[in-house]
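query25.cif (mmCIF, C-alpha atoms and all ligand atoms) appears below.
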```cif
data_protein
loop_
_atom_site.label_atom_id
_atom_site.label_comp_id
_atom_site.auth_asym_id
_atom_site.auth_seq_id
_atom_site.Cartn_x
_atom_site.Cartn_y
_atom_site.Cartn_z
CA MET A 1 0.00 0.00 0.00
CA PHE A 2 1.18 3.49 -0.82
CA ILE A 3 -0.15 6.77 0.62
CA PRO A 4 -0.30 9.37 -2.15
CA GLY A 5 0.82 12.91 -1.28
CA PHE A 6 -2.57 14.43 -2.05
CA LYS A 7 -4.22 12.36 0.72
CA ILE A 8 -1.75 13.86 3.17
CA ASP A 9 -2.42 17.35 1.77
CA ASP A 10 -6.21 16.91 2.07
CA HIS A 11 -5.85 15.76 5.66
CA ASN A 12 -3.50 18.63 6.49
CA ASP A 13 -5.75 21.25 4.89
CA LYS A 14 -8.58 20.22 7.20
CA LEU A 15 -6.47 20.48 10.34
CA LEU A 16 -4.25 23.40 9.42
CA LYS A 17 -6.11 26.26 11.11
CA ALA A 18 -6.38 24.55 14.47
CA HIS A 19 -2.70 23.60 14.28
CA GLN A 20 -1.62 27.15 13.49
CA ARG A 21 -3.54 28.45 16.49
CA LYS A 22 -1.81 26.00 18.83
CA LEU A 23 1.61 26.63 17.30
CA LYS A 24 1.24 30.39 17.77
CA MET A 25 0.40 29.89 21.41
CA VAL A 26 3.36 27.69 22.22
CA SER A 27 5.81 29.70 20.08
CA GLU A 28 4.95 32.82 22.08
CA GLU A 29 5.67 30.99 25.32
CA ILE A 30 9.10 29.61 24.47
CA ARG A 31 12.41 31.07 23.28
CA ASN A 32 13.62 28.58 20.73
CA ALA A 33 10.65 27.21 18.79
CA GLU A 34 12.29 27.52 15.39
CA ASN A 35 15.43 25.74 16.51
CA ILE A 36 13.43 22.90 18.07
CA ILE A 37 11.34 22.45 14.93
CA GLU A 38 14.48 22.14 12.82
CA LYS A 39 15.99 19.60 15.18
CA LEU A 40 12.76 17.60 15.22
CA MET A 41 12.75 17.47 11.43
CA GLN A 42 16.19 15.86 11.45
CA PHE A 43 15.52 13.35 14.20
CA GLN A 44 14.72 9.84 12.94
CA VAL A 45 13.91 6.76 14.99
CA ALA A 46 14.66 3.30 13.60
CA ILE A 47 11.86 0.76 13.59
CA PRO A 48 12.79 -2.81 14.46
CA SER A 49 11.81 -5.39 11.88
CA TRP A 50 10.41 -7.54 14.71
CA ALA A 51 7.84 -5.00 15.92
CA LEU A 52 5.63 -4.93 12.85
CA GLY A 53 3.73 -8.04 13.79
CA THR A 54 1.78 -8.57 16.98
CA GLY A 55 4.14 -9.67 19.69
CA GLY A 56 3.39 -12.33 22.22
CA THR A 57 4.06 -13.36 25.73
CA ARG A 58 5.38 -16.74 26.80
CA PHE A 59 1.72 -17.67 27.32
CA GLY A 60 0.59 -17.08 23.81
CA ARG A 61 0.46 -14.98 20.74
CA PHE A 62 -2.68 -13.58 19.21
CA SER A 63 -1.98 -12.86 15.57
CA GLY A 64 -3.16 -9.63 14.14
CA LYS A 65 -4.53 -9.21 10.67
CA GLY A 66 -2.79 -8.02 7.54
CA GLU A 67 0.59 -8.41 9.18
CA PRO A 68 3.71 -8.47 7.03
CA GLY A 69 4.96 -11.93 6.16
CA THR A 70 8.16 -11.03 4.35
CA LEU A 71 10.98 -8.57 4.85
CA GLU A 72 9.74 -6.65 1.82
CA GLU A 73 6.32 -6.25 3.44
CA LYS A 74 7.95 -5.13 6.68
CA ILE A 75 9.89 -2.47 4.81
CA GLU A 76 6.67 -1.40 3.13
CA ASP A 77 5.03 -1.06 6.55
CA ILE A 78 7.86 1.15 7.73
CA GLY A 79 7.42 3.12 4.50
CA LEU A 80 3.81 3.74 5.56
CA LEU A 81 4.90 4.95 8.99
CA HIS A 82 7.52 7.18 7.43
CA ALA A 83 5.06 8.63 4.94
CA LEU A 84 2.75 9.50 7.82
CA ASN A 85 5.31 10.99 10.22
CA ARG A 86 8.58 11.49 8.29
CA SER A 87 10.36 10.41 11.46
CA SER A 88 10.70 6.66 10.91
CA GLY A 89 13.26 6.63 8.11
CA ALA A 90 15.29 3.63 9.28
CA ILE A 91 14.91 -0.09 9.91
CA SER A 92 16.84 -2.26 12.35
CA LEU A 93 17.02 -5.88 11.16
CA HIS A 94 17.17 -8.95 13.33
CA ILE A 95 19.01 -11.84 11.70
CA PRO A 96 18.09 -14.63 11.06
CA TRP A 97 14.49 -13.52 11.68
CA ASP A 98 14.79 -11.29 8.63
CA ILE A 99 17.45 -12.47 6.25
CA PRO A 100 17.87 -10.04 3.36
CA ARG A 101 18.24 -12.66 0.65
CA ASN A 102 18.22 -10.32 -2.29
CA THR A 103 20.12 -7.37 -0.92
CA GLN A 104 19.99 -5.36 -4.14
CA SER A 105 16.22 -5.37 -4.43
CA ILE A 106 15.77 -4.92 -0.66
CA LYS A 107 18.06 -1.90 -0.76
CA ALA A 108 16.25 -0.46 -3.75
CA LEU A 109 12.85 -0.86 -2.07
CA ALA A 110 14.08 0.81 1.12
CA ALA A 111 15.70 3.66 -0.80
CA GLN A 112 12.51 4.26 -2.73
CA LEU A 113 10.65 4.67 0.58
CA GLY A 114 13.35 6.87 2.13
CA ILE A 115 14.46 4.21 4.60
CA ARG A 116 18.04 3.45 5.58
CA PHE A 117 19.43 0.44 7.41
CA ASP A 118 20.26 1.08 11.03
CA ALA A 119 22.12 -1.36 13.29
CA VAL A 120 21.79 -5.05 12.41
CA ASN A 121 21.07 -7.41 15.32
CA SER A 122 22.52 -10.88 15.74
CA ASN A 123 20.61 -13.68 17.41
CA THR A 124 22.34 -16.36 19.43
CA PHE A 125 19.53 -16.66 21.94
CA GLN A 126 17.61 -19.24 19.93
CA ASP A 127 18.67 -22.38 18.15
CA GLN A 128 18.07 -22.31 14.42
CA LYS A 129 17.31 -25.43 12.47
CA ASP A 130 20.37 -27.01 10.89
CA GLN A 131 22.56 -25.43 13.52
CA SER A 132 25.36 -27.75 14.72
CA TRP A 133 25.54 -26.77 18.39
CA SER A 134 22.88 -25.64 20.83
CA TYR A 135 22.82 -22.33 22.69
CA LYS A 136 20.98 -23.86 25.60
CA PHE A 137 23.89 -23.04 27.91
CA GLY A 138 24.93 -19.84 26.23
CA SER A 139 26.68 -18.68 23.10
CA LEU A 140 29.66 -16.31 23.23
CA HIS A 141 30.34 -17.26 26.86
CA HIS A 142 29.89 -21.01 26.39
CA VAL A 143 32.30 -23.41 28.12
CA ASP A 144 32.81 -25.18 24.79
CA LYS A 145 34.91 -23.36 22.20
CA LYS A 146 32.95 -25.00 19.33
CA VAL A 147 29.74 -23.30 20.46
CA ARG A 148 31.49 -19.98 20.93
CA GLN A 149 32.98 -20.25 17.45
CA GLN A 150 29.58 -20.96 15.92
CA ALA A 151 28.17 -17.85 17.64
CA ILE A 152 31.13 -15.74 16.50
CA GLU A 153 30.60 -16.87 12.93
CA HIS A 154 26.95 -15.96 13.12
CA ASN A 155 27.86 -12.43 14.21
CA LEU A 156 30.36 -12.15 11.36
CA GLU A 157 27.68 -13.27 8.93
CA VAL A 158 25.33 -10.60 10.30
CA ILE A 159 28.02 -7.98 9.71
CA GLU A 160 28.29 -9.17 6.08
CA TYR A 161 24.54 -8.75 5.59
CA GLY A 162 24.76 -5.31 7.18
CA LYS A 163 27.62 -4.31 4.89
CA ALA A 164 25.65 -5.35 1.84
CA LEU A 165 22.71 -3.20 2.99
CA GLY A 166 24.72 -0.12 3.94
CA SER A 167 24.29 -0.48 7.69
CA ASN A 168 27.19 0.60 9.89
CA ALA A 169 26.59 -0.97 13.28
CA ILE A 170 25.89 -4.32 14.87
CA THR A 171 23.96 -4.72 18.12
CA VAL A 172 24.84 -7.80 20.13
CA TRP A 173 22.42 -8.84 22.81
CA LEU A 174 23.26 -12.08 24.60
CA SER A 175 20.87 -14.11 26.64
CA ASP A 176 23.95 -15.85 28.11
CA GLY A 177 23.88 -16.25 31.85
CA SER A 178 22.93 -18.72 34.53
CA SER A 179 19.71 -19.61 36.24
CA PHE A 180 21.17 -21.26 39.33
CA PRO A 181 24.03 -20.51 41.69
CA GLY A 182 27.07 -22.62 40.90
CA GLN A 183 26.09 -23.08 37.25
CA LEU A 184 28.82 -20.73 36.02
CA ASN A 185 32.23 -19.49 36.88
CA PHE A 186 31.51 -15.75 36.46
CA ARG A 187 35.08 -14.78 35.59
CA LYS A 188 35.48 -17.56 33.07
CA ALA A 189 32.16 -16.64 31.46
CA PHE A 190 33.27 -13.02 31.24
CA GLN A 191 36.63 -13.93 29.75
CA ASN A 192 35.13 -16.29 27.19
CA THR A 193 32.69 -13.58 26.17
CA LEU A 194 35.44 -11.01 25.91
CA GLU A 195 37.54 -13.28 23.71
CA SER A 196 34.53 -13.95 21.49
CA PHE A 197 33.74 -10.23 21.26
CA GLU A 198 37.37 -9.59 20.37
CA GLU A 199 37.15 -11.93 17.38
CA ILE A 200 34.03 -10.17 16.16
CA TYR A 201 35.49 -6.74 16.83
CA ARG A 202 38.64 -7.57 14.85
CA ARG A 203 36.49 -8.16 11.78
CA LEU A 204 34.35 -5.04 12.22
CA PRO A 205 34.73 -2.64 9.27
CA SER A 206 36.66 0.49 10.21
CA ASP A 207 33.64 2.80 9.97
CA TRP A 208 31.35 0.48 11.97
CA LYS A 209 30.26 0.53 15.60
CA MET A 210 29.58 -2.44 17.83
CA PHE A 211 26.80 -1.94 20.36
CA ILE A 212 26.85 -4.18 23.43
CA GLU A 213 23.38 -4.39 24.91
CA TYR A 214 23.01 -5.34 28.56
CA LYS A 215 20.07 -6.84 30.39
CA ALA A 216 19.66 -7.51 34.09
CA PHE A 217 17.57 -10.66 33.87
CA GLU A 218 15.60 -12.91 31.54
CA PRO A 219 15.86 -15.49 30.14
CA ASN A 220 18.44 -16.26 32.80
CA PHE A 221 17.37 -15.35 36.30
CA TYR A 222 20.42 -15.80 38.50
CA SER A 223 23.13 -14.04 36.48
CA MET A 224 23.47 -12.47 33.06
CA THR A 225 26.92 -12.35 31.50
CA VAL A 226 26.26 -8.84 30.15
CA GLY A 227 23.93 -7.95 32.99
CA ASP A 228 24.34 -4.24 33.52
CA TRP A 229 25.91 -1.10 32.16
CA GLY A 230 29.07 -1.74 34.20
CA GLN A 231 29.71 -5.03 32.49
CA SER A 232 28.82 -3.65 29.07
CA LEU A 233 31.12 -0.68 29.63
CA LEU A 234 33.90 -3.01 30.71
CA TYR A 235 33.63 -5.03 27.51
CA ALA A 236 33.33 -1.89 25.37
CA SER A 237 36.34 -0.27 27.03
CA LYS A 238 38.49 -3.36 26.67
CA LEU A 239 37.49 -3.80 23.02
CA GLY A 240 38.29 -0.32 21.78
CA GLU A 241 36.90 2.85 20.32
CA LYS A 242 34.40 1.24 17.96
CA ALA A 243 32.63 -0.56 20.83
CA TYR A 244 29.84 1.12 22.78
CA THR A 245 27.18 0.37 25.34
CA LEU A 246 23.57 0.18 24.19
CA VAL A 247 20.86 1.10 26.67
CA ASP A 248 17.51 -0.66 26.41
CA LEU A 249 15.15 1.11 28.78
CA GLY A 250 13.54 -2.16 29.90
CA HIS A 251 16.76 -3.92 30.84
CA HIS A 252 17.36 -2.54 34.32
CA LEU A 253 16.48 -3.63 37.79
CA PRO A 254 13.35 -1.85 39.05
CA ASN A 255 13.75 1.87 39.79
CA ALA A 256 17.26 2.11 38.34
CA ASN A 257 18.25 5.70 37.63
CA ILE A 258 18.63 5.32 33.88
CA GLU A 259 19.19 9.03 33.31
CA GLN A 260 22.27 8.93 35.52
CA ILE A 261 23.59 5.90 33.64
CA VAL A 262 23.09 7.74 30.36
CA SER A 263 24.85 10.82 31.65
CA LEU A 264 27.96 8.91 32.74
CA LEU A 265 28.16 6.75 29.63
CA LEU A 266 28.03 9.91 27.53
CA MET A 267 30.71 11.50 29.66
CA GLU A 268 32.93 8.51 28.92
CA GLY A 269 32.16 8.67 25.19
CA LYS A 270 30.79 5.15 25.43
CA LEU A 271 27.07 5.55 24.87
CA GLY A 272 26.26 4.06 21.49
CA GLY A 273 22.53 3.83 21.19
CA PHE A 274 19.11 3.16 22.57
CA HIS A 275 16.30 0.70 22.50
CA PHE A 276 13.22 2.66 23.54
CA ASN A 277 10.22 1.09 25.20
CA ASP A 278 8.38 1.49 28.47
CA SER A 279 7.66 -0.81 31.36
CA LYS A 280 6.07 -1.06 34.74
CA TYR A 281 7.76 -4.23 35.98
CA GLY A 282 10.57 -5.56 33.84
CA ASP A 283 11.35 -5.86 30.15
CA ASP A 284 7.69 -5.22 29.39
CA ASP A 285 8.39 -3.74 25.92
CA LEU A 286 5.35 -1.48 26.13
CA THR A 287 4.73 1.56 23.96
CA VAL A 288 7.30 4.28 24.62
CA GLY A 289 5.98 6.92 27.01
CA SER A 290 2.90 4.92 27.96
CA ILE A 291 3.88 4.34 31.60
CA ASN A 292 6.55 6.77 32.67
CA PRO A 293 6.90 9.76 30.34
CA TYR A 294 8.65 11.82 33.02
CA GLN A 295 11.50 9.33 33.14
CA LEU A 296 11.73 9.46 29.36
CA PHE A 297 11.98 13.25 29.51
CA LEU A 298 14.69 13.11 32.21
CA ILE A 299 16.66 10.66 30.07
CA PHE A 300 16.32 12.95 27.07
CA TYR A 301 17.44 15.92 29.09
CA GLU A 302 20.65 14.09 30.03
CA LEU A 303 21.10 13.08 26.40
CA VAL A 304 20.71 16.61 25.07
CA GLU A 305 22.89 18.12 27.78
CA GLY A 306 25.60 15.46 27.49
CA MET A 307 25.62 15.45 23.69
CA ASP A 308 25.84 19.23 23.52
CA GLU A 309 28.73 19.14 25.97
CA ARG A 310 30.59 16.83 23.56
CA ASN A 311 29.45 18.69 20.42
CA MET A 312 27.60 15.63 19.18
CA ASN A 313 24.96 15.69 16.48
CA HIS A 314 21.67 14.68 18.11
CA ALA A 315 20.30 13.11 14.96
CA THR A 316 23.26 11.06 13.81
CA ASP A 317 25.77 10.39 16.56
CA LEU A 318 23.75 7.84 18.54
CA GLY A 319 21.61 4.93 17.36
CA TRP A 320 17.95 5.62 18.12
CA MET A 321 15.79 2.53 17.93
CA ILE A 322 12.49 1.31 19.26
CA ASP A 323 12.37 -2.13 20.84
CA ALA A 324 8.75 -2.61 21.80
CA SER A 325 6.19 -5.18 20.88
CA HIS A 326 3.11 -6.63 22.51
CA ASN A 327 -0.14 -8.41 22.20
CA VAL A 328 -2.96 -5.94 22.16
CA LYS A 329 -2.58 -2.97 19.80
CA ASP A 330 -2.27 -2.61 16.07
CA PRO A 331 1.55 -2.67 15.72
CA LEU A 332 1.62 0.24 13.26
CA GLU A 333 -0.57 2.45 15.45
CA ASP A 334 1.58 1.46 18.40
CA LEU A 335 4.78 2.46 16.58
CA LEU A 336 3.28 5.81 15.61
CA GLN A 337 2.58 6.40 19.29
CA SER A 338 6.11 5.37 20.29
CA VAL A 339 7.80 7.66 17.77
CA GLU A 340 5.57 10.53 18.87
CA ALA A 341 6.41 9.95 22.54
CA ILE A 342 10.14 9.92 21.80
CA LYS A 343 9.93 13.18 19.90
CA ILE A 344 7.78 14.85 22.54
CA ALA A 345 10.37 14.01 25.19
CA TYR A 346 13.17 15.20 22.90
CA ALA A 347 11.39 18.52 22.28
CA GLN A 348 10.76 18.97 26.01
CA ALA A 349 14.44 18.33 26.72
CA LEU A 350 15.41 20.95 24.12
CA LEU A 351 13.19 23.40 25.98
CA VAL A 352 14.99 23.17 29.29
CA ASP A 353 16.60 26.45 30.27
CA LYS A 354 20.09 25.05 30.76
CA GLU A 355 21.60 28.28 32.06
CA LYS A 356 18.92 28.66 34.68
CA LEU A 357 19.32 25.03 35.71
CA LYS A 358 23.09 25.39 35.96
CA ALA A 359 22.68 28.48 38.15
CA ALA A 360 20.18 26.70 40.39
CA GLN A 361 22.55 23.75 40.76
CA GLN A 362 25.44 26.05 41.58
CA GLU A 363 23.35 27.77 44.28
CA ASN A 364 22.00 24.47 45.62
CA ASP A 365 18.58 25.89 44.83
CA VAL A 366 16.82 22.55 44.65
CA VAL A 367 13.36 24.05 44.31
CA MET A 368 14.35 26.13 41.30
CA ALA A 369 16.16 23.19 39.68
CA GLN A 370 12.97 21.16 39.87
CA GLU A 371 10.92 24.10 38.57
CA VAL A 372 13.17 24.50 35.53
CA LEU A 373 12.90 20.84 34.60
CA GLN A 374 9.20 20.57 35.23
CA ASN A 375 8.40 23.79 33.35
CA ALA A 376 9.83 22.12 30.29
CA PHE A 377 8.13 18.79 30.97
CA ARG A 378 4.77 20.46 31.46
CA THR A 379 4.94 22.41 28.22
CA ASP A 380 2.82 20.95 25.45
CA THR A 381 5.39 20.51 22.68
CA ARG A 382 3.04 18.68 20.32
CA PRO A 383 2.42 21.71 18.05
CA LEU A 384 6.19 21.86 17.44
CA LEU A 385 6.17 18.21 16.39
CA THR A 386 3.20 18.86 14.15
CA GLU A 387 4.92 21.83 12.52
CA ALA A 388 8.04 19.72 11.92
CA ARG A 389 5.85 17.09 10.25
CA LEU A 390 4.02 19.66 8.17
CA ARG A 391 7.27 21.10 6.86
CA ALA A 392 8.49 17.59 6.02
CA HIS A 393 5.24 16.83 4.09
CA ALA A 394 4.00 14.39 6.69
CA ALA A 395 0.56 14.26 8.27
CA ILE A 396 -0.58 16.72 10.92
CA ASP A 397 -2.13 13.81 12.81
CA PRO A 398 -0.52 10.54 11.61
CA LEU A 399 -2.67 8.28 13.77
CA LEU A 400 -5.90 9.94 12.69
CA LEU A 401 -4.91 9.71 9.04
CA PHE A 402 -3.93 6.05 9.48
CA ARG A 403 -7.48 5.41 10.66
CA GLU A 404 -9.18 7.69 8.13
CA LEU A 405 -7.40 5.94 5.29
CA LYS A 406 -8.28 2.56 6.79
CA VAL A 407 -4.69 1.46 6.28
CA ARG A 408 -5.09 -1.78 8.24
CA ASP A 409 -8.21 -2.76 6.28
CA GLU A 410 -6.31 -2.23 3.07
CA LEU A 411 -3.39 -4.32 4.33
CA ILE A 412 -5.81 -7.09 5.29
CA ARG A 413 -7.32 -6.92 1.84
CA GLN A 414 -3.88 -7.24 0.27
CA ARG A 415 -2.31 -9.76 2.65
CA GLY A 416 -5.16 -11.70 4.12
CA SER A 417 -6.56 -11.70 7.59
CA VAL A 418 -4.19 -14.02 9.41
CA LYS A 419 -0.50 -13.96 8.87
CA ILE A 420 2.25 -14.93 11.22
CA ALA A 421 5.01 -12.38 10.95
CA THR A 422 8.31 -14.20 10.55
CA GLY A 423 10.64 -14.50 13.47
CA LEU A 424 8.33 -14.06 16.43
C1 LIG A 501 16.14 -8.64 24.49
O1 LIG A 501 15.19 -8.53 25.50
C2 LIG A 501 16.00 -7.53 23.45
O2 LIG A 501 15.80 -6.29 24.06
C3 LIG A 501 17.19 -7.49 22.52
O3 LIG A 501 17.39 -6.22 21.99
C4 LIG A 501 16.74 -8.39 21.44
O4 LIG A 501 17.51 -8.35 20.30
C5 LIG A 501 15.32 -7.86 21.27
O5 LIG A 501 14.90 -7.75 22.63
C6 LIG A 501 14.40 -8.65 20.45
O6 LIG A 501 13.94 -9.79 21.13
MN MN A 502 16.58 -4.46 23.19
MN MN A 503 14.42 -6.48 25.77
#
```
Would you mind writing the file's structure down as C-alpha cells?
Amino acid sequence: MFIPGFKIDDHNDKLLKAHQRKLKMVSEEIRNAENIIEKLMQFQVAIPSWALGTGGTRFGRFSGKGEPGTLEEKIEDIGLLHALNRSSGAISLHIPWDIPRNTQSIKALAAQLGIRFDAVNSNTFQDQKDQSWSYKFGSLHHVDKKVRQQAIEHNLEVIEYGKALGSNAITVWLSDGSSFPGQLNFRKAFQNTLESFEEIYRRLPSDWKMFIEYKAFEPNFYSMTVGDWGQSLLYASKLGEKAYTLVDLGHHLPNANIEQIVSLLLMEGKLGGFHFNDSKYGDDDLTVGSINPYQLFLIFYELVEGMDERNMNHATDLGWMIDASHNVKDPLEDLLQSVEAIKIAYAQALLVDKEKLKAAQQENDVVMAQEVLQNAFRTDTRPLLTEARLRAHAAIDPLLLFRELKVRDELIRQRGSVKIATGL
C-alpha cells in the first residue's frame, strides 16, 4: 500500500487552522521554537523489523490481521509509517528472523521509501534449524569453544549482511547467563565472552560501531553475563573505540536511575545507542511513554545536555531505535505512538533552560532546579512536532490519518486476515 501525497495534503488542509492556532500559542511561550522544529525534522527513529507483527508473551500470541509476512512487506510497513510521520526513516534488522536474501532489491525498495538500514542485530539466543551446536547453555560465553565459534561466525555473517545493505553498526544482545548458583564461573564466562567479542570486533569494518546491549535478567534469572551497564562498559572499554554500550530502557532492575547511567556513559564517550520502550515491571516492551513519560523526559534531558557538551549531532551520533512489541494494539498504530512519545520528550528536553538550571545547581537551589525541569516537561510541545511534520510533508495527525485511510483494512485486503510475521 502506498499513501499518495494528495491524501496527506487533504488531511492537512482540514487540520491546518487549528494547528496554526496552537503553534502560535506555544511559540509565544518559548524562546527557541524555530530551533526545536528544525531539530525535530532531522531526528529519525529506527523501527525494528520484529515490531511490525503482533508480539506475544510466553503464554501465547494472538496474531493480528494483515501483518507483514516477508521482509519486503515489513519495509513497506515502515514506509507507511515514514510517509505518515517522516520520522521513521530507518529499519533495524534482526538476523536470522529477517534475512535479506536479495540485498539489491531490498536496498532499492528501502531507498525508494526513504528508509536506511540502522544497526543489524545478531541472534544467538535461539537455536536455528540445521545449527550444529545448541545455545541452551549460552553462546559467546559457552564453556565449549565450538559453540562460541559458531556464535562468533553468526555475528560475522550478520556484519556481512549489514555491509551489503549499507548499515554501519551491529547490536549484540546475549541471553547468556545462569539460572542457578554454581552453574557458572563468572570470571570464566566473562573472559570467554570477551575473547569472542574480540574476534568479532577484529572483523568489524573500520567505519562500523559495535553496540553491546546489557540486560539484568531474563531469560536467565540468577546471572546475566552482560547484565548491567558496568559489564557492558567493561567489555566496550576493553574492546576499543568502535565498541559502545547500548541502553535498552527495559533492561534494568526496578527503579534504576537510567538518566544517571546515560549521563555517565556519555561523559565517557561510550554511549552508542538506545532501544526505547516502556515498562512497569521488567522488560515489558510497552509503547514508549505509555507508563513513565517523566523518566523518558529526564533521560532525554541528560542526552541533550551530554551530547551538547561533547558537540555531538543529536540526529546522527547515537543509534535511536524502538524495541517494543506486545499483544494488544495494532503494531503500526503502536509504533506511531512510540515515535511521537520519543519526539515529545526530545522537544521537552530541548526546551529546558540550561543556564537557569546550571545556576540553580550552583546555588544548591533545589526548588528552582525542579521548577526549571518541570516547566519544560509540562509544556505541550506537540504543536512543534506537528509543525516539523508539516514542513516535512507528513501528516498533521498521523494516527488519525492512518485510521481515516483505513490502512489496516487495506493491508488485510492485500495480505489476508491471518498472517504470522516471521521470526516471532
Ligand atoms: C532482548 O530482550 C531484546 O531487548 C534485545 O534487543 C533483542 O535483540 C530484542 O529484545 C528482540 O527480542
Ligand atoms: Mn533491546
Ligand atoms: Mn528487551
Point-to-point distance in Å for CA of Leu84 in chain A and CA of Ala169 in chain A
26.6 Å
Output as a tab-separated table one row per residue of chain A within 7 Å of ligand MN 503 (chain A): the closest atom pair and its distance in Å to one decimal place, counting all atoms listed in the file, sorted by chain and residue number ascending.
```
residue	atom	partner	partner_atom	distance
A:Asp248	CA	A:MN503	MN	6.6
A:Gly250	CA	A:MN503	MN	6.0
A:His251	CA	A:MN503	MN	6.1
A:Asp283	CA	A:MN503	MN	5.4
A:Asp285	CA	A:MN503	MN	6.6
A:Asp323	CA	A:MN503	MN	6.9
```
Same residues, C-alpha atoms, output as an mmCIF file, in the coordinates of the input:
```cif
data_model
loop_
_atom_site.group_PDB
_atom_site.id
_atom_site.type_symbol
_atom_site.label_atom_id
_atom_site.label_comp_id
_atom_site.auth_asym_id
_atom_site.auth_seq_id
_atom_site.Cartn_x
_atom_site.Cartn_y
_atom_site.Cartn_z
ATOM 1 C CA ASP A 248 17.510 -0.660 26.410
ATOM 2 C CA GLY A 250 13.540 -2.160 29.900
ATOM 3 C CA HIS A 251 16.760 -3.920 30.840
ATOM 4 C CA ASP A 283 11.350 -5.860 30.150
ATOM 5 C CA ASP A 285 8.390 -3.740 25.920
ATOM 6 C CA ASP A 323 12.370 -2.130 20.840
#
```
Is there a way to get, as a list in words, all residues within 9 Å of the point (9.5, 16.8, 12.6) in file coordinates, counting only C-alpha atoms?
Ile37, Glu38, Lys39, Leu40, Met41, Gln42, Phe43, Gln44, Asn85, Arg86, Ser87, Lys343, Leu384, Leu385, Thr386, Glu387, Ala388, Arg389, Leu390, Arg391, Ala392 and Ala394 of chain A
Could you give me, as a PyMOL selection string, every polymer residue with an atom at most 8 Å away from an atom of ligand LIG 501 (chain A), counting all atoms listed in the file?
chain A and resi 50+94+121-123+171-175+213+215+218+248+250-251+275+283+323
Using only C-alpha atoms and all ligand atoms, pick whichever of A:Tyr346, A:Phe274, A:Phe59, A:Phe180 has the shortest atom-to-atom distance to ligand MN 502 (chain A).
A:Phe274
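Distance annotation: of A:Ala18, A:Ile170, A:Val352, A:Leu401, the residue with the minimal separation from Ile30 in chain A is A:Val352; atom set is only C-alpha atoms.
Here the question is which of A:Ser167, A:Ser290, A:Thr124, A:Ser132 gets nearest to Ile91 in chain A using only C-alpha atoms, and that residue is A:Ser167.
Distance check against ligand MN 502 (chain A) using all atoms listed in the file: of A:Val45, A:Val247, A:Ala216, A:Leu184, the minimum falls on A:Val247.
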Show which residues sit within 9 Å of Ser417 in chain A, as a PDB file with C-alpha atoms, in the frame of the given file. Count only C-alpha atoms, and ignore same-chain residues fewer than 6 positions away.
```
ATOM      1  CA  GLY A  64      -3.160  -9.630  14.140  1.00  0.00           C
ATOM      2  CA  LYS A  65      -4.530  -9.210  10.670  1.00  0.00           C
ATOM      3  CA  GLY A  66      -2.790  -8.020   7.540  1.00  0.00           C
ATOM      4  CA  GLU A  67       0.590  -8.410   9.180  1.00  0.00           C
ATOM      5  CA  LEU A 411      -3.390  -4.320   4.330  1.00  0.00           C
TER       6      LEU A 411
END
```
Quick one: residues within 10 Å of Ala236 in chain A, all atoms listed in the file, excluding same-chain residues fewer than 6 positions away - as a VMD selection string?
chain A and resid 194 197 210 to 212 230 242 to 245 270 to 271
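Note that CA of Asn155 in chain A and CA of Arg101 in chain A are 16.6 Å apart.
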Which residue out of A:Asp13, A:Asp284, A:Glu34, A:Glu29 has the minimum interatomic distance to ligand MN 502 (chain A) when all atoms listed in the file are used?
A:Asp284
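Note that CA of Ala110 in chain A and CA of Gly69 in chain A are 16.5 Å apart.
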Any chance you could model N, CA and C atoms for range 215-226 of chain A and send them as a short mmCIF file (atom, residue, chain, number, x, y, z; two decimals), keeping the file's coordinate frame?
```cif
data_model
loop_
_atom_site.label_atom_id
_atom_site.label_comp_id
_atom_site.auth_asym_id
_atom_site.auth_seq_id
_atom_site.Cartn_x
_atom_site.Cartn_y
_atom_site.Cartn_z
N LYS A 215 21.41 -6.55 29.88
CA LYS A 215 20.07 -6.84 30.39
C LYS A 215 20.21 -7.52 31.74
N ALA A 216 19.47 -7.05 32.72
CA ALA A 216 19.66 -7.51 34.09
C ALA A 216 19.18 -8.94 34.34
N PHE A 217 18.16 -9.33 33.62
CA PHE A 217 17.57 -10.66 33.87
C PHE A 217 16.75 -11.05 32.65
N GLU A 218 16.45 -12.34 32.58
CA GLU A 218 15.60 -12.91 31.54
C GLU A 218 16.33 -13.07 30.21
N PRO A 219 16.49 -14.26 29.68
CA PRO A 219 15.86 -15.49 30.14
C PRO A 219 16.58 -16.13 31.32
N ASN A 220 17.78 -15.70 31.63
CA ASN A 220 18.44 -16.26 32.80
C ASN A 220 18.10 -15.42 34.02
N PHE A 221 17.91 -16.07 35.15
CA PHE A 221 17.37 -15.35 36.30
C PHE A 221 18.29 -15.34 37.51
N TYR A 222 19.48 -15.93 37.39
CA TYR A 222 20.42 -15.80 38.50
C TYR A 222 21.53 -14.82 38.12
N SER A 223 22.11 -15.00 36.93
CA SER A 223 23.13 -14.04 36.48
C SER A 223 23.02 -13.88 34.96
N MET A 224 23.36 -12.69 34.51
CA MET A 224 23.47 -12.47 33.06
C MET A 224 24.93 -12.06 32.81
N THR A 225 25.49 -12.59 31.74
CA THR A 225 26.92 -12.35 31.50
C THR A 225 27.19 -10.93 31.01
N VAL A 226 26.18 -10.29 30.38
CA VAL A 226 26.26 -8.84 30.15
C VAL A 226 25.04 -8.28 30.87
#
```
